[in-house]
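A short worksheet on the structure shown next.
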Amino acid sequence: MNAPKVEHPAPTAKSLGLEPLLSVSGLTKRFHPALPPVVQEVSFQVKQGEIFALLGPSGCGKTTTLRLIAGFEPADGGKVVMDSKNLSHLPAEDRGIGFVFQDYALFPHLSVFGNVAFGLRGLSPKARRARVEEVLSLVGLTVFKDRKPAELSGGQQQRVALARAIAPGPQLILLDEPFSSLDAALRQSTRDEVRALLKHNQIGAVLVTHDQEEALSFADRLAVMRGGRLEQTGTPEAVYAHPQTPFVAQFLGRTNLIPGEAKGLEAETPLGRLVLTQAAQGAVLLSLRPEGLSLASPLGQFGISARQLEGEVLSREFKGHDLTYRVRLGSRELTVQESPESPFQPGDKVRLLVRAKAVVVGGQDKLGAGD
């Protein structure tokens, strides 16, 4: 007897995890008709459980973008879609999105328990208490449930704010500079804890920050924002290693911007002939990170080469894990990152060595991959 044929439904984008949790498209906001938009045609997507960072200087529109997604501000254009549902015309309380404010915005008169329970609606007292206990256990604050916010450290207050945002069970949480008020040591440990918590619970997140190190270490993907627009989006590694504009190159860490004349995968520059990461033609502006350069002693009278790049150390900045030098090469000043054991001091003559490929960030006609 033949077994009955079972029809299996074809897999969908959602069932395969390919459909984004959050899709922001063409988001635009201006606060006065006579002024330019503070957010201009911003578009990006966030997958389930992904941490996405909006990185940029103060006033670039990143917090306004977050508030538009949350529904705290009405957008003048564009759409916000979450889990295939258009949220653009829904009030904030109906969007199902958690929000952690920069100053935490905890209620000072309520206990930790009361703060976390505040946003829970439609539950019986027993279910409400059970949910609060569950979330406080997740963030390690069960023993502090009866304390007021003023009786907690900055890191503990941050975890209360996170617990309050998580308690209703959102698929997405928005984080507005959540670690900026913490000291350096506490910032790192709290950041690690929050990231682990979001990943363990597969909660998507959008982080707003002006801190490059924070964006690079915390996010799965990031977007660099300038003047209300996104200049570049990608993984931290890709954006750092392959910036597409001078602004991105400089904002995402120190860099040396060097003019050159490109021909294919090489360019003639004040540093000599540099190898490029991508073929280009004509006048170019190149980015070369400080760690892509190193210093050595001059070759001396008998070993000197016409192509030797000899400069003078202008300054030395010791940071524990590395040294940053400022070096004069002709009329140009360059930044060089070395190990903390590097012996050179201000005033020393040094030889400059290029150890990395240069990245084209402007003024070029890039060739196709097959050219």
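Every chain in the structure tokens takes a letter, A first, then B, and so on in the order presented; its residues are numbered from 1, and the ligands are numbered from 1 following the presented order.
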
I need the residues in region 193-287 of chain A that are strand (DSSP E) according to DSSP; give them as a PyMOL selection string. chain A and resi 204-209+221-226+229-234+256-269+272-287

Determine, counting only C-alpha atoms, which protein, DNA and RNA residues have an atom within 8 Å of an atom of Leu27 (chain A); residues of the same chain fewer than 6 positions away are not included. Present the result as a PyMOL selection string. chain A and resi 39-43+65+75-80

Just C-alpha atoms for this one: save the residues we selected as a PDB file, in the first residue's frame.
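Result file is result.pdb:
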ATOM      1  CA  VAL A  39      16.451  63.370   8.578  1.00  0.00           C
ATOM      2  CA  GLN A  40      16.650  62.874   4.804  1.00  0.00           C
ATOM      3  CA  GLU A  41      15.566  59.750   2.939  1.00  0.00           C
ATOM      4  CA  VAL A  42      16.951  57.359   5.564  1.00  0.00           C
ATOM      5  CA  SER A  43      16.555  53.674   4.677  1.00  0.00           C
ATOM      6  CA  THR A  65      15.551  58.883  13.416  1.00  0.00           C
ATOM      7  CA  ALA A  75       7.516  61.629  10.001  1.00  0.00           C
ATOM      8  CA  ASP A  76       7.065  63.931   7.007  1.00  0.00           C
ATOM      9  CA  GLY A  77       7.796  61.098   4.607  1.00  0.00           C
ATOM     10  CA  GLY A  78       8.796  57.457   4.387  1.00  0.00           C
ATOM     11  CA  LYS A  79       7.627  54.271   6.075  1.00  0.00           C
ATOM     12  CA  VAL A  80       8.412  52.229   9.170  1.00  0.00           C
TER      13      VAL A  80
END

Using DSSP on the backbone, list every residue of region 201-349 of chain A that comes out as helix (DSSP H, G or I), and give them as a short mmCIF file (atom, residue, chain, number, x, y, z; two decimals) with C-alpha atoms, in the first residue's frame.
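Full text of states-v4.cif as output:
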data_model
loop_
_atom_site.label_atom_id
_atom_site.label_comp_id
_atom_site.auth_asym_id
_atom_site.auth_seq_id
_atom_site.Cartn_x
_atom_site.Cartn_y
_atom_site.Cartn_z
CA GLN A 212 33.05 54.83 17.36
CA GLU A 213 34.44 52.10 19.63
CA GLU A 214 30.97 51.40 21.00
CA ALA A 215 29.45 51.03 17.53
CA LEU A 216 32.30 48.84 16.29
CA SER A 217 32.21 46.45 19.26
CA PHE A 218 28.47 46.35 20.02
CA PRO A 236 31.86 47.20 11.39
CA GLU A 237 34.81 45.41 9.79
CA ALA A 238 33.79 46.35 6.24
CA VAL A 239 33.02 50.01 6.97
CA TYR A 240 36.22 50.49 8.96
CA ALA A 241 38.46 48.75 6.41
CA PRO A 246 36.54 60.98 3.56
CA PHE A 247 34.00 61.67 6.32
CA VAL A 248 33.43 57.97 7.05
CA ALA A 249 37.18 57.32 6.99
CA GLN A 250 37.85 60.08 9.52
CA PHE A 251 34.82 59.57 11.75
CA PRO A 290 47.69 54.81 11.24
CA GLU A 291 48.18 51.07 11.85
CA GLY A 292 48.96 50.72 8.14
#

Write out as number ranges by chain which residues come within 12 Å of Ala130 (chain A) when counting only C-alpha atoms, dropping same-chain ones fewer than 4 positions away. A: 113, 116-117, 120, 123-126, 134-137, 142, 167

Counting only C-alpha atoms, the residue of A:Leu271, A:Val139, A:Ala223, A:Leu285 that sits nearest His210 (chain A): A:Ala223

Interatomic distance, CA of Leu54 (chain A) to CA of Leu276 (chain A) (Å, one decimal): 28.3 Å

Distance in Å - CA of Leu323 (chain A) versus CA of Pro340 (chain A):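 Those two atoms sit 5.2 Å apart.
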
Would you pick out the contacts of Gly260 (chain A) at 7 Å or less, using only C-alpha atoms, so that residues sharing its chain but fewer than 6 positions from it are not included, and give the list as a list of chain:residue names?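 Near neighbours after the sequence-gap exclusion: A:Ala267, A:Glu268, A:Thr269, A:Ala283, A:Val284, A:Leu285.
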
How would the residues just picked look written out with C-alpha atoms as a PDB file, in the first residue's frame?
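Dumped to selection_33.pdb:
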ATOM      1  CA  ALA A 267      48.678  55.186  -7.213  1.00  0.00           C
ATOM      2  CA  GLU A 268      51.569  57.634  -7.180  1.00  0.00           C
ATOM      3  CA  THR A 269      51.444  59.681  -3.949  1.00  0.00           C
ATOM      4  CA  ALA A 283      43.108  61.881  -9.390  1.00  0.00           C
ATOM      5  CA  VAL A 284      42.158  60.181  -6.129  1.00  0.00           C
ATOM      6  CA  LEU A 285      41.998  60.803  -2.395  1.00  0.00           C
TER       7      LEU A 285
END

Which residues, written as a list in words, have at least one atom at most 10 Å from Glu177 (chain A), with only C-alpha atoms counted and residues fewer than 2 positions away on the same chain left out?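 Selected residues are Thr63, Val100, Phe101, Gln102, Asp103, Tyr104, Leu174, Leu175, Phe179, Ser180, Ser181, Leu207, Val208, Thr209, His210, Asp211 and Glu214 of chain A.
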
As an exercise, work out the distance from CA of Gln337 (chain A) to CA of Leu265 (chain A) in Å and give it to one decimal place.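 Taking CA of Gln337 (chain A) as the start and CA of Leu265 (chain A) as the end point, the length is 24.8 Å.
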
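Taking only C-alpha atoms into account, Val359 (chain A) lies nearest to A:Arg289 out of the set A:Arg289, A:Arg254, A:Arg191, A:Lys29.
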
Residues within 12 Å of Gly71 (chain A), only C-alpha atoms, excluding chain neighbours under 3 positions, as number ranges by chain: A: 64-68, 74-75, 79-81, 86-99, 174

Name the residues in contact with Ile203 (chain A) at a cut-off of 7 Å, using only C-alpha atoms, excluding same-chain residues fewer than 4 positions from it; report them as a list in words.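 Listed by chain and then number, they are Gln48, Gly49, Gln171, Leu172, Leu198 and Lys199 of chain A.
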
Just write the chosen residues, C-alpha atoms, as a tab-separated table (two decimals), in the first residue's frame.
chain	number	residue	atom	x	y	z
A	48	GLN	CA	15.48	39.37	13.87
A	49	GLY	CA	18.01	39.39	16.72
A	171	GLN	CA	10.81	42.09	19.17
A	172	LEU	CA	12.72	45.36	18.81
A	198	LEU	CA	19.77	40.86	23.55
A	199	LYS	CA	21.44	37.99	21.69

Of A:Met82, A:Leu252, A:Leu299, A:Leu257, the one nearest to Ser23 (chain A) when counting only C-alpha atoms is A:Met82

Using only C-alpha atoms, pick whichever of A:Asp183, A:Glu317, A:Glu231, A:Glu193 has the shortest atom-to-atom distance to Cys60 (chain A).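 Nearest candidate to Cys60 (chain A) out of A:Asp183, A:Glu317, A:Glu231, A:Glu193: A:Glu231.
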
Across A:Leu138, A:Val360, A:Ala165, A:Leu230, the smallest distance to Lys62 (chain A), with only C-alpha atoms counted, is shown by A:Leu230

Pick the closest to Asp176 (chain A) from A:Ala219, A:Met225, A:Ala53, A:Ala279: which is it, counting only C-alpha atoms?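 Smallest distance to Asp176 (chain A) is found for A:Ala53.
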